[in-house]
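S.K.: Take this structure first; my questions come after.
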Amino acid sequence: MRRGLGIAALLLALGSIAAILIAVLPDAAPPPGAPRSQQLYVGHCASCHGPRGRGSWRAYLFLIRPGDLADRSRMQGLADPYLFDLIKRGGADIGKPGMPGFGFHLTDAEIEELVAYVRSLSAPR
């Protein structure tokens, strides 16, 4: 019983710290005049994947390990239709349950823009 209370207190403390960090630290914002694809990415993807595609502190805080979108070798192995379907339908059907689907929020054209932007994150600079 005492151990259960200790675990509950620890979880409550961690949850409180997470809530404070979320409230205090700003969200990523696209620079003024950013292309629509970057605005879509920041608005829908950056909270988990981070502004540069390498993951965000928020995802790690909640024990989510999003895919590294800046990893060129990994991204080269993923076809555009696969990325499109993953963004549209989410990852639950293919073993990636942390990835939500955005098909109800984005048009197919917007998802295609996101695929192109995600590709740019792993492009040589």
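Identifiers in this document derive from the order of the structure tokens: chains are assigned A, B, ..., residues are numbered from 1 separately in each chain, and ligands are numbered from 1 in order of occurrence.
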Where in chain A does DSSP assign alpha helix (DSSP H), given as a PyMOL selection string?

M.R.: chain A and resi 2-24+36-44+46-49+57-61+72-76+80-89+108-121

S.K.: Residues at most 8 Å from Val118 (chain A), counting only C-alpha atoms, excluding those fewer than 6 positions away in the same chain, as an MDAnalysis selection string?

M.R.: chainID A and resid 41 53 69

S.K.: Restricting it to N, CA, C and O atoms, dump the selection as an mmCIF file, in the first residue's frame.

M.R.:
```
data_model
loop_
_atom_site.group_PDB
_atom_site.id
_atom_site.type_symbol
_atom_site.label_atom_id
_atom_site.label_comp_id
_atom_site.auth_asym_id
_atom_site.auth_seq_id
_atom_site.Cartn_x
_atom_site.Cartn_y
_atom_site.Cartn_z
ATOM 1 N N TYR A 41 3.656 21.736 -41.475
ATOM 2 C CA TYR A 41 4.520 20.889 -40.655
ATOM 3 C C TYR A 41 4.578 21.400 -39.220
ATOM 4 O O TYR A 41 4.406 20.633 -38.276
ATOM 5 N N GLY A 53 12.817 17.879 -37.441
ATOM 6 C CA GLY A 53 12.525 16.489 -37.741
ATOM 7 C C GLY A 53 13.243 15.468 -36.880
ATOM 8 O O GLY A 53 13.108 14.271 -37.093
ATOM 9 N N LEU A 69 12.982 12.259 -38.936
ATOM 10 C CA LEU A 69 12.704 12.644 -40.317
ATOM 11 C C LEU A 69 13.917 13.265 -41.003
ATOM 12 O O LEU A 69 13.898 13.470 -42.209
#
```

S.K.: Give the answer as one residue: which of A:Arg3, A:Arg74, A:Arg54, A:His44 has the shortest atom-to-atom distance to Met99 (chain A), using only C-alpha atoms?

M.R.: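 Looking at the shortest contact to Met99 (chain A), the residue is A:His44.
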